[in-house]
Protein chains: 2
Amino acid sequence: MPASIDALRNIAAQLRIDSVRATSEAGSGHPTSCMSAADIVAALFFSEMRYDPKNPQLPENDRFVLSKGHAAPLLYAAWAEAGLFPREDLLKLRTIGSDLEGHPTPRLAFVDVATGSLGQGICAAIGTALNARRIGSDYRTYVVLGDGESAEGSVWEAADVGAFQKLDNLCAIVDVNGLGQSRATQFGHNMDEFAKRWTAFGWHAIVIDGHDMQAILDALAEARSTKGRPTVILARTVKGQGVASIAGKDGWHGKALKKGPEEDAALAELQRQLVPGAARPDIPRPSAAAGRAARTDYSRLAAPAYKKGDVVATREAGGVALAAVGAVDDRIVALDADVKNSTFSDKFEKEFKDRFYENFIAEQVMVGAAMGLAARGAIPFASTFACFLTRAADFIRMAGISFVNVKLTGSHAGISIGEDGPSQMALEDLSMMRAVPDCVVLYPCEAVSTARLVNEMARHKGMVYMRTSRPKTPVLYDPSEEFPIGGSRVLRQSANDEATVVGAGVTVFEALKAYDELQKVGVAIRVIDAYSVQPIDSATLRACAKATKRRVITVEDHYASGGLGDAASEALAVDGVAVTRLAVREIARSGQPEELLDRYGISARHIIDAVKGSH
Amino acid sequence: MPASIDALRNIAAQLRIDSVRATSEAGSGHPTSCMSAADIVAALFFSEMRYDPKNPQLPENDRFVLSKGHAAPLLYAAWAEAGLFPREDLLKLRTIGSDLEGHPTPRLAFVDVATGSLGQGICAAIGTALNARRIGSDYRTYVVLGDGESAEGSVWEAADVGAFQKLDNLCAIVDVNGLGQSRATQFGHNMDEFAKRWTAFGWHAIVIDGHDMQAILDALAEARSTKGRPTVILARTVKGQGVASIAGKDGWHGKALKKGPEEDAALAELQRQLVPGAARPDIPRPSAAAGRAARTDYSRLAAPAYKKGDVVATREAGGVALAAVGAVDDRIVALDADVKNSTFSDKFEKEFKDRFYENFIAEQVMVGAAMGLAARGAIPFASTFACFLTRAADFIRMAGISFVNVKLTGSHAGISIGEDGPSQMALEDLSMMRAVPDCVVLYPCEAVSTARLVNEMARHKGMVYMRTSRPKTPVLYDPSEEFPIGGSRVLRQSANDEATVVGAGVTVFEALKAYDELQKVGVAIRVIDAYSVQPIDSATLRACAKATKRRVITVEDHYASGGLGDAASEALAVDGVAVTRLAVREIARSGQPEELLDRYGISARHIIDAVKGSH
């Protein structure tokens with residue numbers, strides 16, 4: 001039977017009870033942030049949303065994203081109430097043996113992306129909404145935000161993209177409880193401040209009392225019938241609603257009620273709000289339309305069409321390869337941030353216009369939307385200049401925690417971009433991406449390996465980052481060669497090598513130049529193209545170190561911290577081998593690429609000096 | 001004499017000529033992005049702004065921030081026109097011997113903060129405007145943004161804070177030329193889309209034709225007389241204005257005119273726009289009011305009031321110390337992002353309300369405003385949870401390029417926060433901050449060293465990051481002890497040490513526990529508190545490694561990439577010493593701190609295993 005108002009009020013009271021109990025048992029958490037949103041969540045989970053409560057990952061289920069992740073106990077209570085797991089499991093909240101963590105992570109089947117860093121869930125919701133359009137499904141996406149959270153710029157990036165994409169399958173609900181962590185929010189309960197912002201950003205805005213169940217249902221129905229733009233429901237709520245002693249009081253953020261009289265009194269007050277005899281509503285089930293199944297056929301993928309000696313920038317080879325792999329796997333989508341003609345993602349757009357998402361100059365929503373798309377089965381490739389991926393560093397961090405299948409490409413890496421100057425030079429991107437556990441980090445030096453590695457990116461399940469370069473570089477490899485993740489290429493070797501020089505990207509060519517120069521004076525070196533920076537090819541590095549008198553020199557167009565040198569160093573530490581790191585060590589400046597490589601210590605000359613001088 | 005319209009038009013034409021000449025000579029750059037803003041910049045530099053053109057850093061000068069940094073040649077041309085340097089220097093644009101880089105950096109005296117990563121200059125402008133209020137000066141701040149740039153969420157964070165702070169000494173001008181890099185912007189020339197956004201965010205918005213000189217002057221005058229809120233001038237412009245063949249054409253972003261006929265024809269067309277006989281205007285000079293001088297007296301600073309054995313969280317000791325140092329140096333200001341009661345910056349707020357800036361949950365503008373404040377002589381301490389500083393990673397990158405005196409504090413670092421779970425655990429912050437060349441990175445383990453190091457932060461000229469912890473830890477040091485940047489403390493040592501264990505923060509106590517356990521079985525280890533992670537105390541590490549059989553084990557509440565282990569490894573590489581790194585290597589989960597330290601491999605037990613097992 002459909003939900004009655006009484007039944008929904010009943011459920012809301014139960015969700016508050018469960019939120020209080022779980023956090024009191026844990027001794028920490030955010031009960032008051034749960035209580036303000038309890039009516040909204042009750043309406044969503046037991047009247048509005050269509051889903052199978054026993055199968056949260058069903059493709060045709062409506063999606064729910066808790067952007068205000070600190071209200072996790074409310075989310076968990078809703079799924080317990082829906083029957084996914086026993087209510088008593090809620091009392092394991094925040095314990096090491098339970099997946100009911102302090103903030104939601106996809107260790108739980110009903111969580112698409114981890115939240116808890118504010119302003120991110122709504123970006124992911126853009127992605128899940130775009131995905132519905134991609135697969136032709138009518139599932140809807142609902143996302144609950146906090147009012148304090150709305151100060152994050154990423155929320156307004158999402159608002160722009162949501163309106164640009166006319167996502168009428170997306171409904172945001174802002175839980176305006178007026179209180180932040182440390183003080184009242186900027187706007188308190190001035191609902192007009194929120195309404196005028198969202199309206200200005202092109203959304204249909206509805207202001208309601210967030211504790212008036214009928215008003216919530218009406219607003220959700222209005223959202224469902226609003227076409228051509230997304231809807232935001234701005235719900236005026238009271239933090240701690242339901243327990244008079246804490247409701248609307250400052251100083252109660254992130255504080256559990258103490259077990260004993262404090263908790264007991266609150267629970268008793270909430271118990272009295274349960275409506276006797278209210279019938280349990282049936283959860284609406286999704287329509288049969290699951291959307292299109294994926295179409296993939298990698299056997300149709302041709303080898304890259306480059307000849308040795310061709311001169312091609314890896315960023316361009318990456319763009320060409322992405323278009324090629326897009327043709328054999330329709331799960332692949334591309335996102336860019338107004339640099340598609342520099343990253344060459346425009347080659348993909350040209351072929352697959354409906355699978356290309358322009359985010360304009362808004363890197364946070366680009367990565368966030370990619371997370372949402374990936375969580376629903378797409379394989380998103382998001383690209384911009386590598387330096388501007390740092391804009392989305394916190395999203396990248398959370399993508400790691402979300403275990404999502406996101407692919408990132410950063411172009412124009414390093415000082416080798418030249419004249420544009422330091423603001424455009426990524427010199428910390430390898431470090432940023434290596435700091436995501438299990439993220440694969442690739443840095444090819446030429447076109448064939450780039451093309452092969454784009455294919456590997458698409459087929460690898462998990463996060464992958466590819467760093468590409470601006471300058472054109474000569475093709476080194478035969479189109480038939482394979483480049484597995486975790487591998488490397490030994491480009492030069494002999495029985496008499498004095499040292500191993502490990503390069504990646506543009507520095508591979510500096511190492512080859514150094515090899516030639518050293519040959520002239522009778523010194524042999526081993527040269528490695530470490531195209532896979534993480535995982536790095538430990539076996540090859542260790543074998544080469546052993547063969548070259550334990551002398552290893554790394555050279556990278558990146559700062560010394562966290563990049564290729566550190567990766568090699570850790571791989572070799574087990575053998576007690578130390579690494580000499582050639583890297584950029586100061587803020588660079590504008591100039592010609594070759595001038596800069598030499599000035600900042602990573603040209604062939606410096607490699608030669610290191611080979612001669614190190615011991 | 002004051003500027004006539006003819007004179008300003010003349011100057012605008014000259015700025016266009018100079019922008020074209022410089023970029024054509026360089027063979028790269030963004031002439032069309034300069035040309036759309038040339039009339040605005042002419043009006044600002046030769047009629048509106050009050051400054052000494054021979055002394056760009058004069059405290060009472062009005063400030064100009066070019067948020068759309070790719071229009072750098074226009075900025076350089078304006079200063080040449082104002083007489084700061086010879087016009088012909090403009091032809092050195094983008095060459096390695098010139099400070100006229102591809103995007104502006106503070107290597108130039110007239111640049112407060114580096115721009116070129118979009119959406120950041122307006123955040124810095126918030127900071128320079130706040131600084132005027134801080135020192136009681138009537139200087140005004142002007143910031144020119146692009147329309148494409150306005151998609152960055154950070155712009156709307158700045159808009160919120162600007163309105164919240166009622167910064168009527170701030171005027172933003174958006175150069176709405178309708179064209180991004182790769183395509184038309186989201187809103188093209190639909191000026192209403194911009195006006196409604198800025199109005200909704202509380203700014204006074206004025207829409208004008210950005211090539212109508214009188215309209216520009218009138219709007220600037222209106223901005224000057226608008227009180228209680230900042231003003232934004234939304235200027236409809238044409239990209240490439242002044243040269244008919246490229247004006248308003250897509251495909252001309254970031255493209256220099258080719259030397260020869262292409263450049264010559266453009267220059268001839270622009271030359272014809274010079275107004276014969278227009279008198280050169282006098283630049284208005286600043287008022288005499290330079291603002292208050294700094295008051296500092298570090299001799300009044302007392303030693304920290306902790307006794308050995310007290311148990312205090314470093315985040316709390318840091319907050320107490322910040323308030324103390326704020327009392328002896330009135331240049332110190334604090335910024336927070338709605339976590340002041342967790343970072344304990346509220347202790348500073350309580351004492352110095354007018355030097356505390358709340359940014360609500362908006363980390364990008366917090367760091368950006370700190371950059372602007374620092375550029376004008378304040379010493380800003382910006383604090384939030386360490387994990388949420390990653391939200392501002394691109395700002396931190398640009399702060400490094402800006403060489404600004406910004407202090408960052410990240411609390412709640414590592415898995416030792418416990419139950420809140422992975423979204424709240426900073427495990428990549430050391431890596432992020434070490435990737436800023438010359439940034440000092442501090443990670444004290446207890447209260448005395450924290451307090452001392454906060455003083456060091458204040459007195460050190462340059463960027464400093466301090467990482468603090470959530471758990472309470474026992475005081476180890478005497479309040480009289482000094483903790484210089486670049487130092488460390490050897491906490492345990494003997495002549496028979498089998499290995500050196502290097503900890504920092506919470507792991508120092510794990511190392512001490514390991515020491516005690518190993519003592520029981522007759523194994524001696526050396527224990528180092530590496531409170532200065534960058535620069536790291538190489539001399540001590542090298543001496544200890546030598547004294548302990550070249551066996552060094554690092555242990556850190558951080559991922560293996562880019563943290564303490566990598567820092568120690570590089571310091572020891574010169575001696576051929578390899579480092580065994582104990583660090584977090586997977587996505588952590590909620591649990592109790594002690595459980596997590598043990599589960600993720602950084603507890604005393606793991607140190608003992610490493611001491612026994614390594615060789």
# chains A, B, ... in the order shown; residues from 1 in each chain; ligands from 1

$ select_by_dssp --residues "segment 350-388 of chain A" --states "alpha helix (DSSP H)" --output "compact mmCIF listing (two decimals) with all heavy atoms, in the first residue's frame"
# COMPACT_ATOMS: atom_id res chain seq x y z
N LYS A 350 34.02 14.33 -31.27
CA LYS A 350 33.63 14.35 -32.67
C LYS A 350 32.93 13.05 -33.06
O LYS A 350 31.95 13.05 -33.81
CB LYS A 350 34.89 14.56 -33.52
CG LYS A 350 34.60 15.00 -34.94
CD LYS A 350 35.88 15.45 -35.64
CE LYS A 350 35.65 15.45 -37.14
NZ LYS A 350 36.70 14.74 -37.85
N GLU A 351 33.41 11.93 -32.51
CA GLU A 351 32.84 10.63 -32.87
C GLU A 351 31.61 10.29 -32.02
O GLU A 351 30.70 9.62 -32.50
CB GLU A 351 33.89 9.52 -32.66
CG GLU A 351 35.17 9.68 -33.45
CD GLU A 351 34.95 9.48 -34.95
OE1 GLU A 351 34.08 8.67 -35.31
OE2 GLU A 351 35.64 10.16 -35.74
N GLU A 363 36.77 21.92 -12.73
CA GLU A 363 37.41 20.62 -12.63
C GLU A 363 36.82 19.77 -11.53
O GLU A 363 36.86 18.53 -11.60
CB GLU A 363 38.92 20.81 -12.40
CG GLU A 363 39.67 21.46 -13.56
CD GLU A 363 39.53 22.99 -13.61
OE1 GLU A 363 38.96 23.57 -12.66
OE2 GLU A 363 39.97 23.59 -14.59
N GLN A 364 36.28 20.39 -10.48
CA GLN A 364 35.74 19.60 -9.38
C GLN A 364 34.51 18.82 -9.84
O GLN A 364 34.40 17.62 -9.59
CB GLN A 364 35.38 20.50 -8.20
CG GLN A 364 36.60 21.16 -7.58
CD GLN A 364 36.24 21.97 -6.33
OE1 GLN A 364 36.30 21.46 -5.22
NE2 GLN A 364 35.84 23.20 -6.52
N VAL A 365 33.58 19.50 -10.49
CA VAL A 365 32.38 18.77 -10.92
C VAL A 365 32.75 17.78 -12.03
O VAL A 365 32.12 16.71 -12.14
CB VAL A 365 31.25 19.72 -11.36
CG1 VAL A 365 31.59 20.47 -12.63
CG2 VAL A 365 29.94 18.95 -11.53
N MET A 366 33.77 18.09 -12.80
CA MET A 366 34.19 17.14 -13.83
C MET A 366 34.58 15.80 -13.20
O MET A 366 34.09 14.74 -13.60
CB MET A 366 35.35 17.69 -14.65
CG MET A 366 35.87 16.69 -15.68
SD MET A 366 37.22 17.32 -16.69
CE MET A 366 38.59 17.26 -15.51
N VAL A 367 35.43 15.86 -12.18
CA VAL A 367 35.86 14.62 -11.53
C VAL A 367 34.71 14.01 -10.72
O VAL A 367 34.51 12.79 -10.72
CB VAL A 367 37.11 14.86 -10.66
CG1 VAL A 367 37.49 13.59 -9.89
CG2 VAL A 367 38.28 15.33 -11.52
N GLY A 368 33.94 14.85 -10.06
CA GLY A 368 32.81 14.34 -9.28
C GLY A 368 31.78 13.65 -10.17
O GLY A 368 31.27 12.58 -9.83
N ALA A 369 31.46 14.24 -11.30
CA ALA A 369 30.51 13.62 -12.21
C ALA A 369 31.07 12.31 -12.75
O ALA A 369 30.34 11.33 -12.92
CB ALA A 369 30.17 14.58 -13.35
N ALA A 370 32.37 12.30 -13.00
CA ALA A 370 33.01 11.05 -13.45
C ALA A 370 32.83 9.96 -12.40
O ALA A 370 32.57 8.80 -12.73
CB ALA A 370 34.49 11.28 -13.74
N MET A 371 32.94 10.34 -11.12
CA MET A 371 32.76 9.35 -10.05
C MET A 371 31.34 8.77 -10.09
O MET A 371 31.14 7.56 -9.96
CB MET A 371 33.02 10.01 -8.69
CG MET A 371 34.49 10.36 -8.44
SD MET A 371 34.75 11.51 -7.05
CE MET A 371 34.20 10.52 -5.65
N GLY A 372 30.36 9.64 -10.27
CA GLY A 372 28.97 9.17 -10.34
C GLY A 372 28.73 8.30 -11.55
O GLY A 372 28.05 7.26 -11.47
N LEU A 373 29.26 8.70 -12.69
CA LEU A 373 29.12 7.89 -13.91
C LEU A 373 29.75 6.52 -13.71
O LEU A 373 29.16 5.49 -14.06
CB LEU A 373 29.79 8.62 -15.09
CG LEU A 373 28.96 9.73 -15.75
CD1 LEU A 373 29.86 10.76 -16.42
CD2 LEU A 373 27.98 9.12 -16.76
N ALA A 374 30.96 6.50 -13.13
CA ALA A 374 31.66 5.23 -12.93
C ALA A 374 30.90 4.33 -11.97
O ALA A 374 30.83 3.12 -12.17
CB ALA A 374 33.08 5.51 -12.40
N ALA A 375 30.31 4.95 -10.95
CA ALA A 375 29.58 4.15 -9.96
C ALA A 375 28.38 3.44 -10.60
O ALA A 375 27.91 2.43 -10.07
CB ALA A 375 29.11 5.05 -8.81
N ALA A 386 47.28 18.67 -16.59
CA ALA A 386 47.60 17.94 -15.37
C ALA A 386 47.63 18.87 -14.15
O ALA A 386 47.20 18.50 -13.07
CB ALA A 386 48.95 17.23 -15.53
N CYS A 387 48.11 20.08 -14.34
CA CYS A 387 48.20 20.99 -13.19
C CYS A 387 46.81 21.33 -12.65
O CYS A 387 46.65 21.56 -11.45
CB CYS A 387 48.97 22.26 -13.55
SG CYS A 387 48.20 23.26 -14.82
N PHE A 388 45.82 21.35 -13.53
CA PHE A 388 44.48 21.74 -13.07
C PHE A 388 43.72 20.57 -12.44
O PHE A 388 42.67 20.77 -11.82
CB PHE A 388 43.69 22.41 -14.19
CG PHE A 388 44.38 23.64 -14.71
CD1 PHE A 388 44.52 23.87 -16.06
CD2 PHE A 388 44.94 24.55 -13.82
CE1 PHE A 388 45.18 25.00 -16.54
CE2 PHE A 388 45.62 25.69 -14.29
CZ PHE A 388 45.73 25.91 -15.65

$ interface_residues --of "chain B" --to "chain A" --cutoff "6 Å" --atoms "only C-alpha atoms" --output "ChimeraX atom specification"
/B:94-96,101-102,116,151-154,156-157,182,196-197,200,338-339,341,361-362,390-391,393-394,419-421,423,428,435,437,561-562,573,576-579,586,590-591

$ residues_around --residues "Leu322 of chain B" --least-positions-apart "5" --cutoff "8 Å" --atoms "only C-alpha atoms" --output "list of chain:residue names"
B:Ser345, B:Lys347, B:Phe348, B:Val454, B:Asn455

$ write_last_selection --atoms "C-alpha atoms" --output "short mmCIF file (atom, residue, chain, number, x, y, z; two decimals), in the first residue's frame"
data_model
loop_
_atom_site.label_atom_id
_atom_site.label_comp_id
_atom_site.auth_asym_id
_atom_site.auth_seq_id
_atom_site.Cartn_x
_atom_site.Cartn_y
_atom_site.Cartn_z
CA SER B 345 41.48 28.64 16.01
CA LYS B 347 41.04 30.63 20.79
CA PHE B 348 42.53 33.23 18.47
CA VAL B 454 53.90 27.92 15.91
CA ASN B 455 56.26 30.71 16.92
#

$ closest_residue --among "A:Ile485, A:Leu167, A:Asp52, A:Pro106" --to "Leu84 of chain A" --atoms "only C-alpha atoms"
A:Asp52

$ closest_residue --among "A:Ala278, A:Ala317, A:Ala495, A:Val552" --to "Thr450 of chain A" --atoms "only C-alpha atoms"
A:Ala317

$ atom_distance --atom1 "atom CA of Arg285 of chain A" --atom2 "atom CA of Ser225 of chain A"
18.7 Å

$ residues_around --residues "Pro2 of chain A" --least-positions-apart "5" --cutoff "8 Å" --atoms "only C-alpha atoms" --output "list in words"
Ser47, Pro281, Asp282, Ile283 and Pro284 of chain A

$ write_last_selection --atoms "all heavy atoms" --output "JSON list (two decimals), in the first residue's frame"
[["chain", "number", "residue", "atom", "x", "y", "z"],
["A", 47, "SER", "N", 8.27, 6.54, 0.05],
["A", 47, "SER", "CA", 7.17, 6.98, -0.78],
["A", 47, "SER", "C", 7.64, 7.36, -2.18],
["A", 47, "SER", "O", 7.04, 6.94, -3.17],
["A", 47, "SER", "CB", 6.46, 8.18, -0.13],
["A", 47, "SER", "OG", 5.48, 8.69, -0.99],
["A", 281, "PRO", "N", 4.30, 1.22, 4.86],
["A", 281, "PRO", "CA", 4.07, 1.40, 3.42],
["A", 281, "PRO", "C", 4.91, 0.44, 2.59],
["A", 281, "PRO", "O", 5.97, -0.02, 3.03],
["A", 281, "PRO", "CB", 4.51, 2.84, 3.18],
["A", 281, "PRO", "CG", 5.49, 3.13, 4.27],
["A", 281, "PRO", "CD", 5.12, 2.28, 5.44],
["A", 282, "ASP", "N", 4.41, 0.14, 1.41],
["A", 282, "ASP", "CA", 5.21, -0.63, 0.46],
["A", 282, "ASP", "C", 6.15, 0.32, -0.27],
["A", 282, "ASP", "O", 5.77, 1.43, -0.64],
["A", 282, "ASP", "CB", 4.29, -1.30, -0.58],
["A", 282, "ASP", "CG", 3.42, -2.36, 0.08],
["A", 282, "ASP", "OD1", 3.88, -2.98, 1.07],
["A", 282, "ASP", "OD2", 2.27, -2.53, -0.38],
["A", 283, "ILE", "N", 7.36, -0.14, -0.47],
["A", 283, "ILE", "CA", 8.33, 0.67, -1.21],
["A", 283, "ILE", "C", 8.04, 0.51, -2.70],
["A", 283, "ILE", "O", 7.94, -0.61, -3.20],
["A", 283, "ILE", "CB", 9.76, 0.19, -0.87],
["A", 283, "ILE", "CG1", 10.09, 0.55, 0.59],
["A", 283, "ILE", "CG2", 10.77, 0.79, -1.83],
["A", 283, "ILE", "CD1", 11.34, -0.11, 1.11],
["A", 284, "PRO", "N", 7.87, 1.63, -3.40],
["A", 284, "PRO", "CA", 7.60, 1.53, -4.85],
["A", 284, "PRO", "C", 8.78, 0.86, -5.56],
["A", 284, "PRO", "O", 9.94, 1.12, -5.24],
["A", 284, "PRO", "CB", 7.45, 2.98, -5.30],
["A", 284, "PRO", "CG", 7.22, 3.78, -4.06],
["A", 284, "PRO", "CD", 7.89, 3.03, -2.95]]

$ residues_around --residues "segment 457-465 of chain A" --least-positions-apart "3" --cutoff "6 Å" --atoms "only C-alpha atoms" --output "PyMOL selection string"
chain A and resi 404-409+439-441+454

$ closest_residue --among "B:Arg280, B:Lys239, B:Lys259, B:His412" --to "His189 of chain B" --atoms "only C-alpha atoms"
B:Lys239

$ select_by_dssp --residues "segment 325-409 of chain B" --states "strand (DSSP E)" --output "ChimeraX atom specification"
/B:332-336,356-358,379-385,407-409

$ write_last_selection --atoms "N, CA and C atoms" --output "JSON list (two decimals), in the first residue's frame"
[["chain", "number", "residue", "atom", "x", "y", "z"],
["B", 332, "ILE", "N", 49.46, 39.08, 12.50],
["B", 332, "ILE", "CA", 48.91, 37.72, 12.44],
["B", 332, "ILE", "C", 47.39, 37.77, 12.40],
["B", 333, "VAL", "N", 46.85, 37.07, 11.42],
["B", 333, "VAL", "CA", 45.40, 36.93, 11.29],
["B", 333, "VAL", "C", 45.10, 35.44, 11.16],
["B", 334, "ALA", "N", 43.87, 35.06, 11.45],
["B", 334, "ALA", "CA", 43.50, 33.65, 11.34],
["B", 334, "ALA", "C", 42.29, 33.49, 10.43],
["B", 335, "LEU", "N", 42.30, 32.43, 9.68],
["B", 335, "LEU", "CA", 41.17, 32.10, 8.81],
["B", 335, "LEU", "C", 40.77, 30.66, 9.08],
["B", 336, "ASP", "N", 39.49, 30.40, 9.06],
["B", 336, "ASP", "CA", 39.03, 29.02, 9.26],
["B", 336, "ASP", "C", 37.81, 28.76, 8.37],
["B", 356, "PHE", "N", 40.09, 37.73, 12.80],
["B", 356, "PHE", "CA", 39.66, 36.36, 12.50],
["B", 356, "PHE", "C", 38.65, 36.42, 11.35],
["B", 357, "TYR", "N", 38.88, 35.62, 10.33],
["B", 357, "TYR", "CA", 38.00, 35.61, 9.16],
["B", 357, "TYR", "C", 37.38, 34.23, 8.98],
["B", 358, "GLU", "N", 36.08, 34.17, 9.15],
["B", 358, "GLU", "CA", 35.35, 32.91, 8.95],
["B", 358, "GLU", "C", 35.03, 32.77, 7.47],
["B", 379, "ILE", "N", 50.22, 38.20, 8.23],
["B", 379, "ILE", "CA", 50.76, 36.84, 8.38],
["B", 379, "ILE", "C", 49.57, 35.93, 8.68],
["B", 380, "PRO", "N", 48.96, 35.39, 7.63],
["B", 380, "PRO", "CA", 47.73, 34.62, 7.81],
["B", 380, "PRO", "C", 47.99, 33.17, 8.19],
["B", 381, "PHE", "N", 47.29, 32.70, 9.19],
["B", 381, "PHE", "CA", 47.23, 31.29, 9.56],
["B", 381, "PHE", "C", 45.85, 30.77, 9.15],
["B", 382, "ALA", "N", 45.83, 29.90, 8.18],
["B", 382, "ALA", "CA", 44.56, 29.31, 7.74],
["B", 382, "ALA", "C", 44.50, 27.87, 8.21],
["B", 383, "SER", "N", 43.38, 27.50, 8.79],
["B", 383, "SER", "CA", 43.30, 26.15, 9.37],
["B", 383, "SER", "C", 42.00, 25.44, 9.00],
["B", 384, "THR", "N", 42.12, 24.16, 8.82],
["B", 384, "THR", "CA", 40.97, 23.27, 8.72],
["B", 384, "THR", "C", 41.49, 21.86, 8.96],
["B", 385, "PHE", "N", 40.61, 20.87, 8.84],
["B", 385, "PHE", "CA", 41.10, 19.49, 8.90],
["B", 385, "PHE", "C", 42.13, 19.31, 7.78],
["B", 407, "LYS", "N", 50.65, 30.64, 6.17],
["B", 407, "LYS", "CA", 50.81, 29.54, 7.12],
["B", 407, "LYS", "C", 49.54, 28.70, 7.10],
["B", 408, "LEU", "N", 49.71, 27.41, 6.94],
["B", 408, "LEU", "CA", 48.56, 26.50, 6.91],
["B", 408, "LEU", "C", 48.66, 25.51, 8.06],
["B", 409, "THR", "N", 47.55, 25.25, 8.70],
["B", 409, "THR", "CA", 47.51, 24.23, 9.73],
["B", 409, "THR", "C", 46.44, 23.22, 9.38]]

$ atom_distance --atom1 "atom CA of Ser469 of chain B" --atom2 "atom CA of Thr507 of chain B"
10.8 Å

$ closest_residue --among "A:Ala244, A:Leu8, A:Ile417, A:Ile173" --to "Leu270 of chain A" --atoms "only C-alpha atoms"
A:Ala244
